[in-house]
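Text of coords_11.csv, listed as CSV, C-alpha atoms and all ligand atoms:
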chain,number,residue,atom,x,y,z
A,1,MET,CA,1.5,-12.0,-14.5
A,2,THR,CA,3.5,-8.8,-14.4
A,3,SER,CA,1.5,-8.1,-17.7
A,4,CYS,CA,-1.2,-6.8,-15.3
A,5,PHE,CA,1.0,-3.7,-14.7
A,6,SER,CA,0.3,-0.8,-17.1
A,7,PRO,CA,2.4,2.2,-18.2
A,8,ASP,CA,-0.4,4.7,-17.9
A,9,TYR,CA,-4.0,5.2,-16.7
A,10,ARG,CA,-5.5,4.7,-20.2
A,11,THR,CA,-3.8,1.3,-20.6
A,12,ALA,CA,-4.7,0.2,-17.1
A,13,ARG,CA,-8.4,1.0,-17.7
A,14,LYS,CA,-8.4,-0.8,-21.1
A,15,LEU,CA,-6.8,-3.8,-19.5
A,16,ILE,CA,-9.3,-4.2,-16.7
A,17,LEU,CA,-12.2,-3.7,-19.1
A,18,GLN,CA,-10.7,-6.4,-21.3
A,19,LYS,CA,-10.1,-8.9,-18.5
A,20,THR,CA,-13.6,-8.5,-17.0
A,21,ALA,CA,-15.2,-8.8,-20.4
A,22,ALA,CA,-13.1,-11.9,-21.2
A,23,ALA,CA,-14.1,-13.5,-17.9
A,24,GLY,CA,-17.8,-12.9,-18.8
A,25,ASP,CA,-19.2,-12.9,-15.3
A,26,TRP,CA,-18.7,-9.3,-14.3
A,27,THR,CA,-21.0,-6.4,-14.6
A,28,HIS,CA,-19.6,-2.9,-15.3
A,29,GLU,CA,-20.5,0.6,-14.6
A,30,ALA,CA,-18.5,3.8,-15.4
A,31,PHE,CA,-18.6,7.1,-13.6
A,32,LYS,CA,-17.1,9.9,-15.7
A,33,HIS,CA,-14.9,12.4,-13.9
A,34,PRO,CA,-15.7,16.1,-14.7
A,35,VAL,CA,-12.1,16.9,-15.6
A,36,SER,CA,-10.1,15.3,-18.5
A,37,GLY,CA,-7.0,13.2,-18.2
A,38,ARG,CA,-3.5,14.2,-19.1
A,39,ASP,CA,-4.0,13.8,-22.9
A,40,GLY,CA,-7.4,15.4,-22.8
A,41,GLU,CA,-9.1,12.0,-22.7
A,42,PRO,CA,-12.2,11.3,-20.5
A,43,VAL,CA,-11.3,9.5,-17.3
A,44,TYR,CA,-13.6,7.3,-15.1
A,45,THR,CA,-14.0,5.5,-11.9
A,46,ASP,CA,-15.0,2.0,-13.0
A,47,VAL,CA,-17.1,-0.4,-11.0
A,48,PHE,CA,-17.1,-4.2,-11.5
A,49,TRP,CA,-19.4,-6.6,-9.7
A,50,LYS,CA,-19.4,-10.4,-9.7
A,51,GLY,CA,-21.9,-12.6,-7.9
A,52,PRO,CA,-25.6,-12.4,-6.9
A,53,LYS,CA,-26.9,-8.8,-6.9
A,54,ASP,CA,-28.5,-9.3,-3.5
A,55,ALA,CA,-25.5,-11.0,-1.9
A,56,THR,CA,-25.3,-10.2,1.8
A,57,ARG,CA,-21.5,-10.8,1.9
A,58,VAL,CA,-19.3,-8.6,-0.3
A,59,LEU,CA,-15.6,-8.3,-0.7
A,60,THR,CA,-14.8,-4.8,-1.9
A,61,ILE,CA,-11.3,-3.9,-3.3
A,62,SER,CA,-10.6,-0.3,-4.2
A,63,SER,CA,-7.6,1.2,-6.1
A,64,GLY,CA,-6.2,4.6,-6.9
A,65,ILE,CA,-7.7,6.9,-4.2
A,66,HIS,CA,-4.2,8.4,-4.3
A,67,GLY,CA,-4.1,8.7,-8.1
A,68,VAL,CA,-0.6,7.7,-9.0
A,69,GLU,CA,-0.6,4.9,-6.5
A,70,GLY,CA,-3.3,3.3,-8.7
A,71,PHE,CA,-0.9,1.4,-10.9
A,72,CYS,CA,-0.3,-1.1,-8.1
A,73,GLY,CA,-3.9,-1.6,-7.0
A,74,SER,CA,-5.0,-1.8,-10.6
A,75,ALA,CA,-2.6,-4.6,-11.3
A,76,ALA,CA,-3.7,-6.5,-8.1
A,77,GLN,CA,-7.3,-6.1,-9.2
A,78,CYS,CA,-6.5,-7.3,-12.7
A,79,GLN,CA,-4.8,-10.5,-11.4
A,80,PHE,CA,-7.7,-11.2,-9.1
A,81,ILE,CA,-10.1,-11.1,-12.0
A,82,GLU,CA,-8.1,-13.8,-13.6
A,83,ASP,CA,-7.6,-16.1,-10.7
A,84,ALA,CA,-10.2,-15.4,-7.9
A,85,PRO,CA,-11.4,-18.7,-6.4
A,86,PRO,CA,-15.1,-19.7,-7.1
A,87,LEU,CA,-17.5,-17.8,-5.0
A,88,ALA,CA,-19.6,-19.5,-2.3
A,89,GLU,CA,-23.3,-18.8,-2.3
A,90,ASP,CA,-24.6,-15.4,-1.1
A,91,THR,CA,-21.1,-13.8,-1.7
A,92,ALA,CA,-20.1,-11.2,-4.3
A,93,ILE,CA,-17.0,-9.2,-5.2
A,94,LEU,CA,-17.0,-5.4,-5.9
A,95,LEU,CA,-14.0,-3.9,-7.6
A,96,ILE,CA,-13.6,-0.1,-7.7
A,97,HIS,CA,-10.9,0.9,-10.2
A,98,ALA,CA,-9.4,4.4,-10.0
A,99,VAL,CA,-11.2,6.2,-7.1
A,100,ASN,CA,-9.2,9.3,-8.2
A,101,PRO,CA,-8.9,8.8,-12.0
A,102,TYR,CA,-7.7,12.4,-12.5
A,103,GLY,CA,-4.6,11.9,-10.3
A,104,PHE,CA,-4.0,8.4,-11.8
A,105,SER,CA,-3.9,9.9,-15.3
A,106,HIS,CA,-2.0,13.1,-14.4
A,107,LEU,CA,0.4,11.3,-12.2
A,108,ARG,CA,-0.5,13.1,-9.0
A,109,ARG,CA,-1.5,11.6,-5.7
A,110,VAL,CA,-4.2,14.3,-5.1
A,111,ASN,CA,-7.1,15.4,-7.2
A,112,GLU,CA,-7.6,18.4,-9.5
A,113,ASN,CA,-8.1,20.7,-6.5
A,114,ASN,CA,-5.0,19.4,-4.7
A,115,VAL,CA,-7.2,17.4,-2.3
A,116,ASP,CA,-5.8,14.3,-0.6
A,117,LEU,CA,-9.0,12.3,-1.0
A,118,ASN,CA,-8.1,10.0,1.9
A,119,ARG,CA,-8.5,13.0,4.2
A,120,ASN,CA,-11.8,14.1,2.6
A,121,PHE,CA,-14.2,11.7,4.3
A,122,ILE,CA,-14.7,13.9,7.3
A,123,ASP,CA,-18.0,15.4,8.6
A,124,PHE,CA,-17.7,18.9,7.0
A,125,ASP,CA,-20.8,20.1,8.9
A,126,ALA,CA,-18.9,19.6,12.2
A,127,GLY,CA,-16.3,22.2,11.3
A,128,LEU,CA,-12.9,21.8,9.9
A,129,PRO,CA,-10.3,20.0,12.0
A,130,GLN,CA,-7.4,22.2,13.1
A,131,ASN,CA,-3.8,21.2,12.6
A,132,GLU,CA,-1.9,23.9,14.5
A,133,LYS,CA,1.5,22.2,14.1
A,134,TYR,CA,1.1,22.0,10.4
A,135,ARG,CA,0.5,25.7,10.3
A,136,GLU,CA,3.9,26.2,11.9
A,137,LEU,CA,5.5,23.9,9.3
A,138,TYR,CA,3.6,25.4,6.3
A,139,ASP,CA,6.4,27.5,4.9
A,140,LEU,CA,8.9,24.7,5.3
A,141,LEU,CA,6.8,22.0,3.6
A,142,ASN,CA,5.4,24.3,0.9
A,143,PRO,CA,8.3,26.5,-0.4
A,144,ASP,CA,7.7,29.2,-3.1
A,145,GLU,CA,11.1,28.3,-4.5
A,146,LEU,CA,12.7,24.9,-4.8
A,147,PRO,CA,16.5,24.6,-4.9
A,148,PRO,CA,17.8,22.9,-8.1
A,149,GLU,CA,18.8,19.8,-6.1
A,150,GLY,CA,15.2,19.4,-5.0
A,151,ALA,CA,13.8,18.9,-1.5
A,152,ASP,CA,16.9,17.5,0.2
A,153,THR,CA,17.5,20.5,2.5
A,154,ILE,CA,13.8,20.6,3.5
A,155,ILE,CA,13.8,16.9,4.3
A,156,ALA,CA,17.0,17.3,6.4
A,157,ARG,CA,15.1,19.8,8.5
A,158,VAL,CA,12.0,17.6,8.6
A,159,GLU,CA,14.2,14.7,9.9
A,160,GLU,CA,15.5,17.0,12.7
A,161,LEU,CA,11.9,17.7,13.7
A,162,ARG,CA,11.1,14.0,13.6
A,163,ALA,CA,13.9,13.3,16.0
A,164,SER,CA,12.7,16.0,18.4
A,165,MET,CA,9.0,15.2,18.4
A,166,GLU,CA,6.8,12.4,19.7
A,167,ALA,CA,6.1,10.0,16.8
A,168,LEU,CA,2.3,10.5,16.9
A,169,ASP,CA,2.7,14.3,17.1
A,170,PHE,CA,5.1,14.3,14.2
A,171,MET,CA,2.7,12.1,12.1
A,172,LYS,CA,-0.3,14.4,12.9
A,173,ALA,CA,1.7,17.5,12.0
A,174,VAL,CA,3.3,16.4,8.8
A,175,THR,CA,1.0,13.7,7.3
A,176,GLY,CA,-2.2,13.8,9.3
A,177,GLY,CA,-4.0,16.1,7.0
A,178,GLN,CA,-4.9,19.8,7.0
A,179,TYR,CA,-7.9,21.8,6.0
A,180,GLU,CA,-6.5,25.4,6.0
A,181,PHE,CA,-4.1,25.7,3.0
A,182,PRO,CA,-5.5,24.5,-0.4
A,183,ASP,CA,-2.0,24.9,-2.0
A,184,GLY,CA,-0.3,22.9,0.7
A,185,ILE,CA,0.5,19.2,0.9
A,186,GLN,CA,-1.9,17.0,2.8
A,187,PHE,CA,-4.9,19.3,2.0
A,188,GLY,CA,-8.1,17.5,2.9
A,189,GLY,CA,-10.5,19.8,1.0
A,190,ARG,CA,-13.3,22.1,2.2
A,191,GLU,CA,-16.3,20.0,1.0
A,192,PRO,CA,-16.9,16.5,-0.2
A,193,ALA,CA,-15.0,16.0,-3.5
A,194,TRP,CA,-16.3,14.3,-6.7
A,195,SER,CA,-14.6,11.1,-5.8
A,196,ARG,CA,-16.2,11.0,-2.3
A,197,ARG,CA,-19.6,11.7,-3.7
A,198,THR,CA,-19.1,9.1,-6.3
A,199,MET,CA,-18.0,6.5,-3.8
A,200,GLU,CA,-21.1,7.2,-1.7
A,201,LYS,CA,-23.3,6.7,-4.7
A,202,ILE,CA,-21.5,3.4,-5.5
A,203,TRP,CA,-22.0,2.2,-1.9
A,204,ASP,CA,-25.7,3.1,-2.0
A,205,SER,CA,-26.4,1.3,-5.2
A,206,TYR,CA,-24.2,-1.8,-4.7
A,207,LEU,CA,-24.1,-2.4,-1.0
A,208,SER,CA,-27.7,-1.9,0.0
A,209,HIS,CA,-28.2,-5.6,0.6
A,210,ALA,CA,-24.8,-6.2,2.2
A,211,ALA,CA,-24.8,-7.3,5.9
A,212,ILE,CA,-21.0,-7.9,5.9
A,213,VAL,CA,-18.4,-6.1,3.8
A,214,VAL,CA,-14.7,-6.8,3.9
A,215,GLN,CA,-13.0,-3.8,2.4
A,216,ILE,CA,-9.4,-3.5,1.1
A,217,ASP,CA,-8.1,-0.2,-0.1
A,218,VAL,CA,-4.8,-0.6,-1.9
A,219,HIS,CA,-2.0,2.0,-1.6
A,220,THR,CA,1.8,2.3,-2.1
A,221,GLY,CA,4.5,4.4,-0.6
A,222,LEU,CA,4.5,3.3,3.1
A,223,GLY,CA,6.6,0.6,4.8
A,224,PRO,CA,9.4,-1.6,3.7
A,225,SER,CA,9.9,-2.1,-0.1
A,226,GLY,CA,7.6,-4.7,-1.7
A,227,LEU,CA,6.0,-5.7,1.6
A,228,GLY,CA,2.2,-5.4,1.6
A,229,LEU,CA,1.3,-4.3,5.1
A,230,LEU,CA,-2.3,-4.7,6.1
A,231,MET,CA,-3.5,-1.9,8.4
A,232,MET,CA,-6.8,-1.3,10.2
A,233,ALA,CA,-8.3,1.1,12.7
A,234,ALA,CA,-10.2,-0.9,15.4
A,235,ASP,CA,-10.7,-0.9,19.1
A,236,ASP,CA,-9.8,-4.0,21.2
A,237,GLU,CA,-13.3,-5.1,21.8
A,238,GLU,CA,-14.2,-5.2,18.1
A,239,PRO,CA,-14.5,-8.8,16.9
A,240,HIS,CA,-12.8,-8.2,13.6
A,241,LYS,CA,-9.6,-7.3,15.3
A,242,ALA,CA,-9.2,-10.9,16.4
A,243,LEU,CA,-10.8,-12.3,13.3
A,244,THR,CA,-8.4,-10.6,10.9
A,245,ALA,CA,-5.4,-11.7,13.0
A,246,GLU,CA,-6.7,-15.3,12.4
A,247,TRP,CA,-7.0,-14.7,8.7
A,248,PHE,CA,-3.8,-12.8,8.1
A,249,GLY,CA,-1.5,-13.1,11.1
A,250,ASP,CA,-0.2,-9.9,12.6
A,251,MET,CA,-1.6,-6.6,11.3
A,252,PHE,CA,-0.9,-3.0,12.0
A,253,VAL,CA,-4.0,-2.0,14.1
A,254,THR,CA,-4.4,1.5,15.5
A,255,PRO,CA,-7.2,2.6,17.8
A,256,ARG,CA,-10.1,4.5,16.4
A,257,PRO,CA,-10.1,8.2,16.8
A,258,HIS,CA,-12.0,9.1,20.0
A,259,SER,CA,-11.4,12.8,20.6
A,260,ALA,CA,-11.4,16.0,18.5
A,261,SER,CA,-7.6,16.1,18.5
A,262,ASP,CA,-7.7,12.6,17.0
A,263,THR,CA,-9.6,14.0,14.0
A,264,ILE,CA,-6.3,14.9,12.5
A,265,LEU,CA,-5.2,11.6,11.1
A,266,GLY,CA,-8.8,11.0,10.0
A,267,GLY,CA,-11.0,11.5,7.0
A,268,TYR,CA,-10.1,8.1,5.5
A,269,MET,CA,-12.3,6.5,2.9
A,270,ASN,CA,-12.6,3.3,4.9
A,271,ALA,CA,-14.0,5.2,7.9
A,272,GLY,CA,-16.3,7.1,5.4
A,273,MET,CA,-17.6,3.8,4.2
A,274,GLU,CA,-18.4,2.6,7.7
A,275,ASN,CA,-20.2,5.9,8.5
A,276,HIS,CA,-22.1,5.9,5.2
A,277,LEU,CA,-23.3,2.3,5.4
A,278,GLY,CA,-24.2,2.7,9.1
A,279,ALA,CA,-24.8,0.2,11.8
A,280,ARG,CA,-26.8,-2.2,9.7
A,281,THR,CA,-23.7,-3.2,7.8
A,282,TRP,CA,-20.7,-4.8,9.4
A,283,VAL,CA,-17.7,-3.3,7.6
A,284,ILE,CA,-14.2,-4.9,8.2
A,285,PRO,CA,-12.1,-2.0,6.8
A,286,MET,CA,-8.5,-2.6,5.8
A,287,THR,CA,-5.7,-0.8,3.9
A,288,LEU,CA,-3.1,-2.8,2.0
A,289,GLU,CA,0.1,-0.6,1.9
A,290,TYR,CA,3.0,-1.6,-0.3
A,291,GLY,CA,6.3,-0.1,0.6
A,292,THR,CA,8.5,1.5,-2.1
A,293,GLU,CA,11.1,3.8,-0.8
A,294,PRO,CA,12.0,5.3,2.6
A,295,ALA,CA,9.4,7.7,4.1
A,296,LYS,CA,11.7,10.7,3.7
A,297,ALA,CA,12.1,10.1,-0.1
A,298,VAL,CA,8.4,9.8,-0.5
A,299,LEU,CA,7.7,13.0,1.4
A,300,GLY,CA,10.4,14.8,-0.6
A,301,MET,CA,8.7,13.9,-3.8
A,302,LEU,CA,5.3,15.1,-2.5
A,303,ILE,CA,7.0,18.5,-1.6
A,304,GLU,CA,8.6,18.7,-5.1
A,305,ASP,CA,5.4,17.8,-6.9
A,306,ASN,CA,3.4,20.3,-4.9
A,307,TRP,CA,5.9,23.0,-5.6
A,308,LEU,CA,5.8,22.1,-9.3
A,309,THR,CA,2.0,22.3,-9.4
A,310,HIS,CA,1.8,25.7,-7.8
A,311,HIS,CA,5.0,27.4,-8.8
A,312,GLY,CA,6.6,25.5,-11.6
A,313,ASP,CA,5.9,24.5,-15.2
A,314,VAL,CA,4.6,20.9,-15.6
A,315,GLU,CA,5.6,20.8,-19.3
A,316,SER,CA,9.2,22.0,-18.7
A,317,GLU,CA,12.1,19.5,-18.6
A,318,ARG,CA,12.2,19.9,-14.8
A,319,GLY,CA,8.5,19.5,-14.6
A,320,ARG,CA,8.5,16.2,-16.5
A,321,ASP,CA,11.5,15.0,-14.5
A,322,ILE,CA,9.6,15.6,-11.2
A,323,ARG,CA,6.5,13.9,-12.4
A,324,GLN,CA,8.5,10.9,-13.6
A,325,ARG,CA,10.3,10.6,-10.3
A,326,LEU,CA,7.0,10.9,-8.4
A,327,LEU,CA,5.6,8.1,-10.6
A,328,ARG,CA,8.6,5.9,-9.7
A,329,VAL,CA,8.5,6.6,-6.0
A,330,PHE,CA,4.9,5.2,-5.9
A,331,TYR,CA,5.3,2.7,-8.8
A,332,PRO,CA,8.9,1.2,-8.9
A,333,ASP,CA,10.0,0.0,-12.4
A,334,ASP,CA,11.3,-3.2,-10.8
A,335,LYS,CA,10.2,-6.7,-11.7
A,336,ALA,CA,11.0,-8.2,-8.3
A,337,TRP,CA,8.8,-5.5,-6.6
A,338,LYS,CA,6.0,-6.2,-9.0
A,339,ASP,CA,6.2,-9.9,-8.5
A,340,ALA,CA,6.2,-9.4,-4.7
A,341,VAL,CA,3.1,-7.1,-5.0
A,342,LEU,CA,1.1,-9.7,-7.0
A,343,THR,CA,2.1,-12.6,-4.8
A,344,ARG,CA,1.1,-10.8,-1.7
A,345,ALA,CA,-2.2,-9.5,-3.3
A,346,ARG,CA,-3.2,-13.0,-4.3
A,347,ASP,CA,-2.6,-14.3,-0.8
A,348,VAL,CA,-4.4,-11.4,0.9
A,349,PHE,CA,-7.4,-11.4,-1.4
A,350,ASP,CA,-7.8,-15.2,-1.2
A,351,ARG,CA,-7.7,-15.1,2.6
A,352,ALA,CA,-10.1,-12.1,2.8
A,353,LEU,CA,-12.6,-14.0,0.6
A,354,ALA,CA,-12.3,-17.2,2.6
A,355,GLY,CA,-12.6,-15.2,5.9
A,356,LEU,CA,-15.6,-13.3,4.6
A,357,GLN,CA,-17.3,-16.6,3.6
A,358,SER,CA,-16.7,-18.0,7.1
A,359,LEU,CA,-18.7,-15.1,8.6
A,360,SER,CA,-22.3,-14.6,9.5
A,361,PRO,CA,-23.8,-11.4,11.0
A,362,GLU,CA,-24.2,-13.1,14.4
A,363,LYS,CA,-20.4,-13.3,14.8
A,364,ARG,CA,-20.3,-9.5,15.1
A,365,TYR,CA,-21.8,-9.6,18.6
A,366,PRO,CA,-20.5,-12.8,20.1
A,367,GLN,CA,-22.1,-14.0,23.4
B,401,ZN,ZN,-1.9,6.1,-0.4
Before anything else, please render the file you have as structure tokens.
Amino acid sequence: MTSCFSPDYRTARKLILQKTAAAGDWTHEAFKHPVSGRDGEPVYTDVFWKGPKDATRVLTISSGIHGVEGFCGSAAQCQFIEDAPPLAEDTAILLIHAVNPYGFSHLRRVNENNVDLNRNFIDFDAGLPQNEKYRELYDLLNPDELPPEGADTIIARVEELRASMEALDFMKAVTGGQYEFPDGIQFGGREPAWSRRTMEKIWDSYLSHAAIVVQIDVHTGLGPSGLGLLMMAADDEEPHKALTAEWFGDMFVTPRPHSASDTILGGYMNAGMENHLGARTWVIPMTLEYGTEPAKAVLGMLIEDNWLTHHGDVESERGRDIRQRLLRVFYPDDKAWKDAVLTRARDVFDRALAGLQSLSPEKRYPQ
């Protein structure tokens, strides 16, 4: 089943189109991105639907919001097309392939404007969130010149900071997102990006009948290698915190943001989906994160890639080397890793579908 893994965006798209066409019971719609792919080819966010159009229970699985991380989610979706269990009545599956097709094709995590799309789903009318600590770290994280050996000395300094700060403060400062520096890592944008607007269109047109949505957004680059960690933001009293623990066992659950300072570490697509669909739809929003390499190696590659984009030459030997190493930090060329990814994906998706099919809207507000 490792044949579900592709070497590039174009192959990944072709494969999922072939698999859904061969299965015969999926509808397809393509949303063309305004900017071309790496070889000048058009790139798309593709949407696949299986089941009754007016189903009130929908399992949604999205891949590639962080472009280059899309290889993993694409393979997991591809496998699910082949071996998803039969659907119960009033249930449908919605697959969204390549939320950020530009980044998938160009081997970047961000979009064509350097935007981390999973920080872009904020309320821009409410004013931009401030990340003061990031401002202090801007020069360190976004150097004009990169030493020949890469980001090692920067990462050593970042690790010193990690040791001297509260864990949550460190996360907010370095990875929480920032809205001030368009050429910096973790930039969340200044307005809703194409991918966000496209996702909102997709939710409007496909989920208008949905009463319950179980959403799984697939990522790589966080956690122990090969492990698929399920994560969710939920408060204790929300019924899906206990329900998902029944379905999957222990998950990594963080409280929802409740104050302005919590807005940093926000802007996630899953939260955007909940806000967009509103109170009439019960969304159970999860992230499936597959570990690859240690966090400092991943951050080091983001720093190198961002330096390359703004100060280097992508087509130089060094540029190609950085992009290749970035690819491998989010998409290891390792059969055991790929096997572990697909085994875990099958289990998670099957349990999610079974869990969804056991729900009715009344369970949202238990007596
Ligand atoms: Zn990600």
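In this structure, CA of Phe124 in chain A sits 12.3 Å away from CA of Arg196 in chain A.
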Using all atoms listed in the file, which protein or nucleic acid residues come within 9 Å of range 338-350 of chain A? Drop anything in the same chain fewer than 4 positions from it, and give the result as a ChimeraX atom specification. /A:1-2,5,59,61,72-73,75-77,79-80,83-85,216,226-228,230,247-248,288,290,331-334,354-355
Produce a file of the selected residues containing C-alpha atoms, as a PDB file, keeping the file's coordinate frame.
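Writing done, so here's part_7.pdb:
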ATOM      1  CA  MET A   1       1.500 -12.000 -14.500  1.00  0.00           C
ATOM      2  CA  THR A   2       3.500  -8.800 -14.400  1.00  0.00           C
ATOM      3  CA  PHE A   5       1.000  -3.700 -14.700  1.00  0.00           C
ATOM      4  CA  LEU A  59     -15.600  -8.300  -0.700  1.00  0.00           C
ATOM      5  CA  ILE A  61     -11.300  -3.900  -3.300  1.00  0.00           C
ATOM      6  CA  CYS A  72      -0.300  -1.100  -8.100  1.00  0.00           C
ATOM      7  CA  GLY A  73      -3.900  -1.600  -7.000  1.00  0.00           C
ATOM      8  CA  ALA A  75      -2.600  -4.600 -11.300  1.00  0.00           C
ATOM      9  CA  ALA A  76      -3.700  -6.500  -8.100  1.00  0.00           C
ATOM     10  CA  GLN A  77      -7.300  -6.100  -9.200  1.00  0.00           C
ATOM     11  CA  GLN A  79      -4.800 -10.500 -11.400  1.00  0.00           C
ATOM     12  CA  PHE A  80      -7.700 -11.200  -9.100  1.00  0.00           C
ATOM     13  CA  ASP A  83      -7.600 -16.100 -10.700  1.00  0.00           C
ATOM     14  CA  ALA A  84     -10.200 -15.400  -7.900  1.00  0.00           C
ATOM     15  CA  PRO A  85     -11.400 -18.700  -6.400  1.00  0.00           C
ATOM     16  CA  ILE A 216      -9.400  -3.500   1.100  1.00  0.00           C
ATOM     17  CA  GLY A 226       7.600  -4.700  -1.700  1.00  0.00           C
ATOM     18  CA  LEU A 227       6.000  -5.700   1.600  1.00  0.00           C
ATOM     19  CA  GLY A 228       2.200  -5.400   1.600  1.00  0.00           C
ATOM     20  CA  LEU A 230      -2.300  -4.700   6.100  1.00  0.00           C
ATOM     21  CA  TRP A 247      -7.000 -14.700   8.700  1.00  0.00           C
ATOM     22  CA  PHE A 248      -3.800 -12.800   8.100  1.00  0.00           C
ATOM     23  CA  LEU A 288      -3.100  -2.800   2.000  1.00  0.00           C
ATOM     24  CA  TYR A 290       3.000  -1.600  -0.300  1.00  0.00           C
ATOM     25  CA  TYR A 331       5.300   2.700  -8.800  1.00  0.00           C
ATOM     26  CA  PRO A 332       8.900   1.200  -8.900  1.00  0.00           C
ATOM     27  CA  ASP A 333      10.000   0.000 -12.400  1.00  0.00           C
ATOM     28  CA  ASP A 334      11.300  -3.200 -10.800  1.00  0.00           C
ATOM     29  CA  ALA A 354     -12.300 -17.200   2.600  1.00  0.00           C
ATOM     30  CA  GLY A 355     -12.600 -15.200   5.900  1.00  0.00           C
TER      31      GLY A 355
END
Please find the residues contacting ligand ZN 401 (chain B) at a distance of at most 7 Å between atoms, with all atoms listed in the file counted, and report them as a ChimeraX atom specification. /A:65-66,69,219-221
Work out how far CA of Asp144 in chain A is from CA of Asn131 in chain A, in Å to one decimal. 21.0 Å
I want to know what sits within 12 Å of Asp139 in chain A, based on all atoms listed in the file, with residues of the same chain fewer than 2 positions away left out; could you give that as a PyMOL selection string? chain A and resi 133-137+141-146+154+158+181+183-185+303+307
Using all atoms listed in the file, can you tell me which of A:Ile322, A:Ala173, A:Ala30, A:Ala242 comes closest to Asp262 in chain A? A:Ala173
Would you list the contacts of Ala55 in chain A as an NGL selection string, taking every protein, DNA or RNA residue within 12 Å and counting only C-alpha atoms, but skipping same-chain residues closer than 4 positions in sequence? :A and (49-51 or 59 or 87-94 or 206-213 or 357)
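For the set A:Ala12, A:Met199, A:Met165, A:Ile96, the residue with the smallest atom-to-atom gap to Met273 in chain A is A:Met199, counting all atoms listed in the file.
Our summary of the geometry notes that CA of Asp305 in chain A is positioned 17.0 Å from CA of Gly70 in chain A.
Residues within 6 Å of Gln178 in chain A, counting only C-alpha atoms and excluding same-chain residues fewer than 3 positions away, are Asn131, Gln186, Phe187 and Gly188 of chain A.
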Export of the given selection (C-alpha atoms) as a PDB file, keeping the file's coordinate frame:
ATOM      1  CA  ASN A 131      -3.800  21.200  12.600  1.00  0.00           C
ATOM      2  CA  GLN A 186      -1.900  17.000   2.800  1.00  0.00           C
ATOM      3  CA  PHE A 187      -4.900  19.300   2.000  1.00  0.00           C
ATOM      4  CA  GLY A 188      -8.100  17.500   2.900  1.00  0.00           C
TER       5      GLY A 188
END
Got a sec: who's within 12 Å of Ala21 in chain A, counting only C-alpha atoms, leaving out chain neighbours fewer than 6 positions off, as an MDAnalysis selection string? chainID A and resid 14:15 27:28 48:50 78 81:82
Could you list, with a cut-off of 12 Å and counting all atoms listed in the file, the residues of range 198-315 of chain A near range 32-45 of chain A, each shown with its nearest atom pair and the distance in Å rounded to one decimal, rows sorted by chain and ascending number, as CSV?
residue,atom,partner,partner_atom,distance
A:Thr198,CA,A:Thr45,CA,8.4
A:Met199,CA,A:Thr45,CA,9.1
A:Lys201,CA,A:Thr45,CA,11.8
A:Ile202,CA,A:Thr45,CA,10.1
A:Val314,CA,A:Arg38,CA,11.1
A:Glu315,CA,A:Arg38,CA,11.2
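Proximity of A:Ala233, A:Ala336, A:Val214, A:Leu308 to Val283 in chain A, computed with all atoms listed in the file, is greatest for A:Val214.
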Would you mind telling me which residue in A:Asn120, A:Ser6, A:Ser164, A:Thr175 lies nearest to Leu299 in chain A when using only C-alpha atoms? A:Thr175
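Comparing the minimum interatomic distances between Ser62 in chain A and each of A:Met286, A:Ala163, A:Val110, A:Leu222, counting only C-alpha atoms, we find that A:Met286 sits nearest.
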Measuring between all atoms listed in the file, which one of A:Leu353, A:Ser360, A:Gly312, A:Asn118 shows the shortest distance to Pro86 in chain A? A:Leu353
Working from the structure I just supplied, which lacks atoms in range 215-221 of chain A, can you model N, CA, C and O atoms there and output them as an mmCIF file, keeping the file's coordinate frame?
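Final file, out-v3.cif:
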data_model
loop_
_atom_site.group_PDB
_atom_site.id
_atom_site.type_symbol
_atom_site.label_atom_id
_atom_site.label_comp_id
_atom_site.auth_asym_id
_atom_site.auth_seq_id
_atom_site.Cartn_x
_atom_site.Cartn_y
_atom_site.Cartn_z
ATOM 1 N N GLN A 215 -13.507 -4.808 3.281
ATOM 2 C CA GLN A 215 -13.000 -3.800 2.400
ATOM 3 C C GLN A 215 -11.502 -3.686 2.412
ATOM 4 O O GLN A 215 -10.895 -3.641 3.494
ATOM 5 N N ILE A 216 -10.885 -3.686 1.231
ATOM 6 C CA ILE A 216 -9.400 -3.500 1.100
ATOM 7 C C ILE A 216 -9.115 -2.396 0.180
ATOM 8 O O ILE A 216 -9.457 -2.459 -1.004
ATOM 9 N N ASP A 217 -8.486 -1.357 0.705
ATOM 10 C CA ASP A 217 -8.100 -0.200 -0.100
ATOM 11 C C ASP A 217 -6.588 -0.287 -0.344
ATOM 12 O O ASP A 217 -5.818 -0.301 0.609
ATOM 13 N N VAL A 218 -6.182 -0.335 -1.619
ATOM 14 C CA VAL A 218 -4.800 -0.600 -1.900
ATOM 15 C C VAL A 218 -3.999 0.692 -2.166
ATOM 16 O O VAL A 218 -4.451 1.565 -2.914
ATOM 17 N N HIS A 219 -2.860 0.788 -1.497
ATOM 18 C CA HIS A 219 -2.000 2.000 -1.600
ATOM 19 C C HIS A 219 -0.534 1.556 -1.796
ATOM 20 O O HIS A 219 -0.186 0.396 -1.594
ATOM 21 N N THR A 220 0.308 2.543 -2.132
ATOM 22 C CA THR A 220 1.800 2.300 -2.100
ATOM 23 C C THR A 220 2.445 3.524 -1.484
ATOM 24 O O THR A 220 1.872 4.602 -1.347
ATOM 25 N N GLY A 221 3.708 3.290 -1.067
ATOM 26 C CA GLY A 221 4.500 4.400 -0.600
ATOM 27 C C GLY A 221 4.768 4.412 0.910
ATOM 28 O O GLY A 221 5.367 5.359 1.425
#
